[in-house]
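This is start14.cif (mmCIF, C-alpha atoms).
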```cif
data_model
loop_
_atom_site.label_atom_id
_atom_site.label_comp_id
_atom_site.auth_asym_id
_atom_site.auth_seq_id
_atom_site.Cartn_x
_atom_site.Cartn_y
_atom_site.Cartn_z
CA MET A 1 0.00 0.00 0.00
CA GLY A 2 1.11 3.52 -0.72
CA GLU A 3 1.88 6.17 1.81
CA LYS A 4 -1.05 7.95 3.37
CA ARG A 5 -1.24 11.59 2.27
CA ALA A 6 -0.95 14.22 4.93
CA TYR A 7 -4.20 15.93 5.81
CA LYS A 8 -4.58 19.22 4.02
CA PRO A 9 -6.84 21.77 5.77
CA ARG A 10 -9.79 22.90 3.68
CA LYS A 11 -9.82 26.48 2.58
CA PRO A 12 -12.65 28.62 3.90
CA GLY A 13 -15.45 28.77 1.34
CA GLY A 14 -14.20 25.65 -0.38
CA GLY A 15 -16.40 22.84 -1.67
CA ARG A 16 -18.55 22.35 -4.71
CA LYS A 17 -18.93 25.48 -6.77
CA LYS A 18 -22.40 26.83 -7.40
CA LEU A 19 -23.75 26.07 -10.85
CA LYS A 20 -25.31 29.53 -10.86
CA PRO A 21 -23.16 31.76 -8.65
CA GLU A 22 -25.22 34.79 -9.66
CA TYR A 23 -28.47 33.16 -8.48
CA ASP A 24 -29.71 34.48 -5.14
CA ALA A 25 -33.05 32.94 -4.10
CA ARG A 26 -33.48 35.35 -1.19
CA LYS A 27 -32.85 38.35 -3.43
CA ASN A 28 -35.25 37.05 -6.08
CA LEU A 29 -37.94 36.46 -3.48
CA LYS A 30 -37.46 39.99 -2.15
CA GLU A 31 -37.77 41.48 -5.66
CA GLN A 32 -40.93 39.47 -6.37
CA MET A 33 -42.38 40.53 -3.03
CA GLU A 34 -41.71 44.22 -3.70
CA SER A 35 -43.28 43.98 -7.16
CA ALA A 36 -46.37 42.25 -5.75
CA VAL A 37 -46.74 44.90 -3.03
CA ALA A 38 -46.40 47.74 -5.57
CA LEU A 39 -49.23 46.29 -7.66
CA TYR A 40 -51.30 45.57 -4.56
CA GLU A 41 -51.03 49.23 -3.57
CA GLU A 42 -52.68 50.09 -6.88
CA GLU A 43 -55.60 47.92 -5.75
CA CYS A 44 -54.90 45.20 -8.29
CA SER A 45 -56.73 41.95 -7.55
CA LEU A 46 -54.69 38.84 -6.80
CA GLN A 47 -55.46 37.53 -10.29
CA ASP A 48 -54.43 40.79 -12.00
CA ASN A 49 -51.31 40.87 -9.84
CA ALA A 50 -50.52 37.28 -10.79
CA ASP A 51 -51.06 37.96 -14.50
CA ALA A 52 -48.71 40.96 -14.38
CA LEU A 53 -45.97 38.98 -12.64
CA ALA A 54 -46.62 35.70 -14.48
CA LEU A 55 -47.17 33.94 -11.16
CA ASN A 56 -49.87 31.82 -9.57
CA PRO A 57 -52.41 33.89 -7.53
CA ILE A 58 -51.70 31.70 -4.49
CA LYS A 59 -47.99 32.52 -4.74
CA VAL A 60 -48.84 36.24 -5.04
CA ARG A 61 -50.94 35.98 -1.87
CA LYS A 62 -48.08 34.23 -0.10
CA LEU A 63 -45.69 37.00 -1.19
CA LEU A 64 -48.09 39.64 0.17
CA ILE A 65 -48.44 37.71 3.44
CA THR A 66 -44.64 37.54 3.72
CA ALA A 67 -44.50 41.30 3.16
CA GLY A 68 -47.08 41.80 5.90
CA VAL A 69 -49.64 43.66 3.76
CA TYR A 70 -52.27 40.97 3.08
CA GLU A 71 -55.03 40.46 5.62
CA SER A 72 -58.07 38.18 5.75
CA GLU A 73 -59.98 36.29 8.43
CA VAL A 74 -58.75 32.93 7.08
CA ALA A 75 -55.13 34.09 6.97
CA LYS A 76 -55.37 35.45 10.51
CA LYS A 77 -56.90 32.20 11.80
CA VAL A 78 -54.35 29.97 10.07
CA GLN A 79 -51.36 32.05 11.19
CA GLY A 80 -52.65 32.35 14.76
CA THR A 81 -53.29 28.61 15.08
CA PHE A 82 -49.93 27.77 13.50
CA GLU A 83 -48.04 30.08 15.89
CA GLU A 84 -49.73 28.47 18.89
CA TYR A 85 -48.61 25.00 17.82
CA ARG A 86 -45.17 26.33 16.86
CA GLU A 87 -44.48 27.11 20.52
CA THR A 88 -44.25 23.38 21.30
CA GLN A 89 -43.86 21.66 17.90
CA ASP A 90 -41.46 21.76 14.98
CA TYR A 91 -42.41 23.49 11.71
CA LYS A 92 -43.76 20.48 9.81
CA THR A 93 -45.71 19.08 12.75
CA SER A 94 -47.23 22.52 13.40
CA ILE A 95 -48.51 22.63 9.81
CA LEU A 96 -50.14 19.19 10.20
CA SER A 97 -51.67 20.12 13.55
CA THR A 98 -53.04 23.37 12.11
CA ALA A 99 -54.52 21.49 9.14
CA ASN A 100 -56.23 18.96 11.43
CA THR A 101 -57.59 21.64 13.76
CA LEU A 102 -58.98 23.86 11.02
CA GLN A 103 -60.02 21.00 8.73
CA LEU A 104 -57.85 22.27 5.91
CA SER A 105 -55.38 20.57 3.62
CA LYS A 106 -51.68 20.85 4.33
CA ALA A 107 -51.28 22.82 1.09
CA SER A 108 -53.99 25.29 2.15
CA VAL A 109 -52.31 25.92 5.48
CA THR A 110 -48.93 26.45 3.83
CA SER A 111 -50.44 28.90 1.33
CA TYR A 112 -51.51 31.20 4.18
CA LEU A 113 -48.10 31.21 5.88
CA PRO A 114 -45.16 33.47 4.94
CA TYR A 115 -42.25 32.03 3.02
CA LYS A 116 -40.05 30.22 5.50
CA LYS A 117 -36.83 31.43 3.82
CA GLY A 118 -38.14 34.89 3.15
CA VAL A 119 -38.03 38.00 5.26
CA TYR A 120 -41.39 38.00 7.05
CA PHE A 121 -42.76 41.31 8.23
CA PRO A 122 -45.90 40.66 10.32
CA SER A 123 -48.40 43.42 11.04
CA THR A 124 -46.81 43.88 14.47
CA ALA A 125 -43.27 44.40 13.13
CA ASP A 126 -41.58 47.69 13.93
CA LYS A 127 -41.89 50.17 11.07
CA GLU A 128 -38.10 50.33 10.75
CA LYS A 129 -38.17 46.70 9.59
CA ILE A 130 -40.79 47.03 6.85
CA SER A 131 -40.71 48.55 3.38
CA VAL A 132 -42.16 51.96 2.54
CA GLY A 133 -44.92 50.24 0.57
CA ALA A 134 -45.81 47.95 3.46
CA GLU A 135 -45.84 50.95 5.78
CA ARG A 136 -48.30 52.80 3.51
CA GLN A 137 -50.50 49.72 3.33
CA ARG A 138 -50.44 49.47 7.13
CA ARG A 139 -51.67 53.06 7.45
CA PHE A 140 -54.33 52.58 4.77
CA ARG A 141 -55.67 49.42 6.39
CA ALA A 142 -55.68 50.96 9.87
CA MET A 143 -57.72 53.89 8.59
CA LYS A 144 -60.08 51.56 6.72
CA ARG A 145 -60.70 49.49 9.86
CA TRP A 146 -61.46 52.62 11.87
CA ARG A 147 -63.87 54.01 9.26
CA GLU A 148 -65.70 50.69 9.16
CA ASN A 149 -65.72 50.37 12.94
CA PRO A 150 -64.96 53.76 14.60
CA THR A 151 -63.86 52.54 18.03
CA GLU A 152 -61.22 54.16 20.23
CA GLU A 153 -58.99 51.10 19.83
CA ASN A 154 -59.13 51.27 16.03
CA PHE A 155 -58.39 55.00 16.03
CA TRP A 156 -55.40 54.35 18.28
CA ASP A 157 -54.11 51.92 15.64
CA VAL A 158 -54.40 54.73 13.07
CA VAL A 159 -52.38 57.09 15.26
CA VAL A 160 -49.70 54.45 15.92
CA SER A 161 -49.43 53.66 12.19
CA TYR A 162 -48.65 57.34 11.45
CA SER A 163 -45.87 57.56 14.05
CA GLY A 164 -42.78 59.15 12.49
CA VAL A 165 -44.72 60.53 9.50
CA ARG A 166 -44.08 64.19 8.66
CA PHE A 167 -46.98 66.58 9.31
CA LYS A 168 -47.31 70.35 9.10
CA THR A 169 -48.97 72.80 11.45
CA TYR A 170 -51.43 75.52 10.47
CA SER A 171 -48.50 77.88 9.86
CA GLY A 172 -46.58 75.30 7.81
CA LEU A 173 -44.03 74.19 10.42
CA PRO A 174 -43.08 70.52 9.99
CA PHE A 175 -43.33 68.09 12.90
CA SER A 176 -43.73 64.42 13.64
CA TYR A 177 -44.56 62.40 16.73
CA GLU A 178 -43.33 59.25 18.37
CA VAL A 179 -45.32 56.66 20.30
CA ARG A 180 -43.09 55.04 22.86
CA LYS A 181 -43.34 51.69 24.60
CA GLY A 182 -43.30 51.18 28.35
CA ARG A 183 -41.36 48.59 30.32
CA ASN A 184 -44.01 45.98 29.60
CA GLY A 185 -43.39 46.38 25.86
CA GLU A 186 -46.79 47.95 25.20
CA TYR A 187 -47.38 51.43 23.81
CA THR A 188 -48.03 54.23 26.27
CA LYS A 189 -51.00 56.47 25.45
CA GLU A 190 -48.82 59.52 24.81
CA LEU A 191 -47.56 61.17 21.65
CA TRP A 192 -44.14 62.82 21.85
CA ILE A 193 -43.96 65.81 19.50
CA ASP A 194 -40.49 66.50 18.10
CA ARG A 195 -41.01 70.27 17.91
CA TRP A 196 -41.64 70.64 21.61
CA GLU A 197 -38.75 71.39 23.93
CA ASN A 198 -37.89 68.85 26.62
CA SER A 199 -39.92 66.20 24.74
CA LYS A 200 -43.26 67.22 26.17
CA SER A 201 -46.05 64.82 25.34
CA LEU A 202 -49.45 65.18 23.75
CA ALA A 203 -52.10 63.36 25.78
CA TRP A 204 -54.24 60.75 24.08
CA SER A 205 -57.27 62.20 25.86
CA SER A 206 -56.66 65.50 24.03
CA VAL A 207 -56.67 63.71 20.68
CA LEU A 208 -59.95 61.94 21.49
CA LEU A 209 -61.56 65.16 22.71
CA THR A 210 -60.58 66.93 19.49
CA LEU A 211 -61.96 64.04 17.44
CA LYS A 212 -65.36 64.46 19.10
CA ASN A 213 -65.31 68.20 18.35
CA ILE A 214 -65.23 67.76 14.56
CA LYS A 215 -68.51 69.29 13.36
CA ARG A 216 -67.77 70.08 9.73
CA GLU A 217 -65.17 69.15 7.14
CA VAL A 218 -63.65 72.60 6.55
CA VAL A 219 -61.99 73.84 9.73
CA ASP A 220 -60.53 77.32 9.28
CA ARG A 221 -58.12 77.25 12.25
CA PRO A 222 -56.96 74.94 15.07
CA LYS A 223 -58.90 76.71 17.83
CA ALA A 224 -62.12 75.93 15.93
CA LEU A 225 -61.62 72.38 17.17
CA GLY A 226 -61.60 73.54 20.78
CA ASP A 227 -59.37 75.12 23.38
CA ILE A 228 -57.32 71.95 23.81
CA ARG A 229 -53.67 71.59 24.71
CA GLY A 230 -51.71 70.64 21.59
CA VAL A 231 -54.61 71.27 19.21
CA THR A 232 -52.19 72.98 16.78
CA TYR A 233 -50.53 69.62 16.19
CA ILE A 234 -53.76 67.62 16.26
CA TYR A 235 -55.09 69.95 13.54
CA GLY A 236 -52.15 69.02 11.30
CA MET A 237 -52.59 65.32 12.08
CA PHE A 238 -56.32 65.29 11.35
CA TYR A 239 -55.77 67.11 8.05
CA ARG A 240 -53.20 64.49 7.01
CA PHE A 241 -55.56 61.71 8.15
CA GLY A 242 -58.25 63.17 5.89
CA LEU A 243 -60.63 63.79 8.80
CA ILE A 244 -60.91 67.54 8.19
CA ASP A 245 -60.44 69.94 5.31
CA VAL A 246 -58.79 73.35 5.57
CA PRO A 247 -59.14 76.62 3.61
CA ASP A 248 -57.24 76.86 0.32
CA GLU A 249 -54.82 79.46 1.65
CA VAL A 250 -53.93 77.11 4.53
CA LYS A 251 -53.37 74.23 2.12
CA GLU A 252 -50.63 76.28 0.48
CA LYS A 253 -48.73 76.16 3.78
CA MET A 254 -49.67 72.66 4.90
CA GLY A 255 -49.57 70.97 1.51
CA ARG A 256 -52.27 68.90 -0.10
CA PRO A 257 -52.59 65.35 1.20
CA LYS A 258 -52.88 62.54 -1.34
CA ALA A 259 -56.39 61.50 -2.25
CA ARG A 260 -57.68 58.67 -0.10
CA LYS A 261 -58.38 55.27 -1.58
CA LYS A 262 -62.05 54.38 -1.60
#
```

What does the file become when written as structure tokens?
Amino acid sequence: MGEKRAYKPRKPGGGRKKLKPEYDARKNLKEQMESAVALYEEECSLQDNADALALNPIKVRKLLITAGVYESEVAKKVQGTFEEYRETQDYKTSILSTANTLQLSKASVTSYLPYKKGVYFPSTADKEKISVGAERQRRFRAMKRWRENPTEENFWDVVVSYSGVRFKTYSGLPFSYEVRKGRNGEYTKELWIDRWENSKSLAWSSVLLTLKNIKREVVDRPKALGDIRGVTYIYGMFYRFGLIDVPDEVKEKMGRPKARKK
């Protein structure tokens, strides 16, 4: 027998070369997801979206779920049930358990879950982690939920979704607000205005009081909404939300908000 060759350490990154070194599945998925979201923002149906991207409608829905912009009762139920099982079971077993519980096929359950290898941005993800398109969709859907069911909780979701967005006051001064979380990880019912010195807050109760004082669409000045602390900023917020209209000369200073989707 011949002499045994000395062991030669493997170079980092060694091994079989990729047949397609330029292929990046994660990048391709991200590009498809962004394209699907862009079309979805234009209110394209899943079928129209699929036709434009030459994809199956189910795959388009899965891309939108992964991006965190698609919502439905079935999707919410499937994802919620799956996450409960996922706390104690592995991925595949959780899918089977979800299918058995909801009386759905394994394929149906999978179609309502985000891509496992994709970047999933659930509706609860911090805005810094989601795309601009997904952020716009989040605001649109929050406003739609509130208009359909005008509860305090739904309006709070609208306010949270606009955190960090640029507004303008009656005189045209730009500002934004931040909604901070407490030690328990939940949002505090305070809005921190960046134009105020010493980070003074705007009370949630003031926002709700102003909301109740809206009597007509055209509001000529902030004080017309009431003698409320911080109403100057609330006026700018409500105009951006589309809850009030302002005189034409004021629009020149505050800008004209984009038309709302019906």

Judged by only C-alpha atoms, the minimum distance to A:Arg195 among A:Lys251, A:Arg180, A:Lys116, A:Lys168 is found for A:Lys168

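This file, queried with the PyMOL selection byres ((chain A and resi 220) around 10), gives the residues Tyr170, Glu217, Val218, Val219, Arg221, Pro222, Lys223, Ala224, Leu225, Ile244, Asp245, Val246, Pro247, Asp248, Glu249 and Val250 of chain A.
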
Please report, as JSON, the centre and edge lengths in Å to one decimal of an axis-aligned box covering all listed atoms of stretch 48-65 of chain A with 6 Å per side.
```
{"center_x": -50.1, "center_y": 36.3, "center_z": -5.5, "size_x": 20.7, "size_y": 21.3, "size_z": 29.9}
```

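If only C-alpha atoms are the atoms counted, then among A:Val160, A:Leu173, A:Leu208, A:Ala75 the closest residue to A:Met254 is A:Leu173.
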
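The space between atom CA of A:Val207 and atom CA of A:Arg229 spans 9.3 Å.
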
Could you tell me, as a PyMOL selection string, exactly which residues end up selected when the PyMOL selection byres ((chain A and resi 174) around 12) is applied to this structure? chain A and resi 164-173+175-177+193-196+232-233+236-237+253-255

Suppose we keep C-alpha atoms; can you now write the selection as a compact mmCIF listing (two decimals), keeping the file's coordinate frame?
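Contents of out.txt, as written:
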```
# COMPACT_ATOMS: atom_id res chain seq x y z
CA GLY A 164 -42.78 59.15 12.49
CA VAL A 165 -44.72 60.53 9.50
CA ARG A 166 -44.08 64.19 8.66
CA PHE A 167 -46.98 66.58 9.31
CA LYS A 168 -47.31 70.35 9.10
CA THR A 169 -48.97 72.80 11.45
CA TYR A 170 -51.43 75.52 10.47
CA SER A 171 -48.50 77.88 9.86
CA GLY A 172 -46.58 75.30 7.81
CA LEU A 173 -44.03 74.19 10.42
CA PHE A 175 -43.33 68.09 12.90
CA SER A 176 -43.73 64.42 13.64
CA TYR A 177 -44.56 62.40 16.73
CA ILE A 193 -43.96 65.81 19.50
CA ASP A 194 -40.49 66.50 18.10
CA ARG A 195 -41.01 70.27 17.91
CA TRP A 196 -41.64 70.64 21.61
CA THR A 232 -52.19 72.98 16.78
CA TYR A 233 -50.53 69.62 16.19
CA GLY A 236 -52.15 69.02 11.30
CA MET A 237 -52.59 65.32 12.08
CA LYS A 253 -48.73 76.16 3.78
CA MET A 254 -49.67 72.66 4.90
CA GLY A 255 -49.57 70.97 1.51
```

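The two atoms in question, atom CA of A:Asn56 and atom CA of A:Glu84, are spaced 28.7 Å apart.
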
When you draw a straight line from atom CA of A:Glu43 to atom CA of A:Arg141, how long is it in Å? 12.2 Å
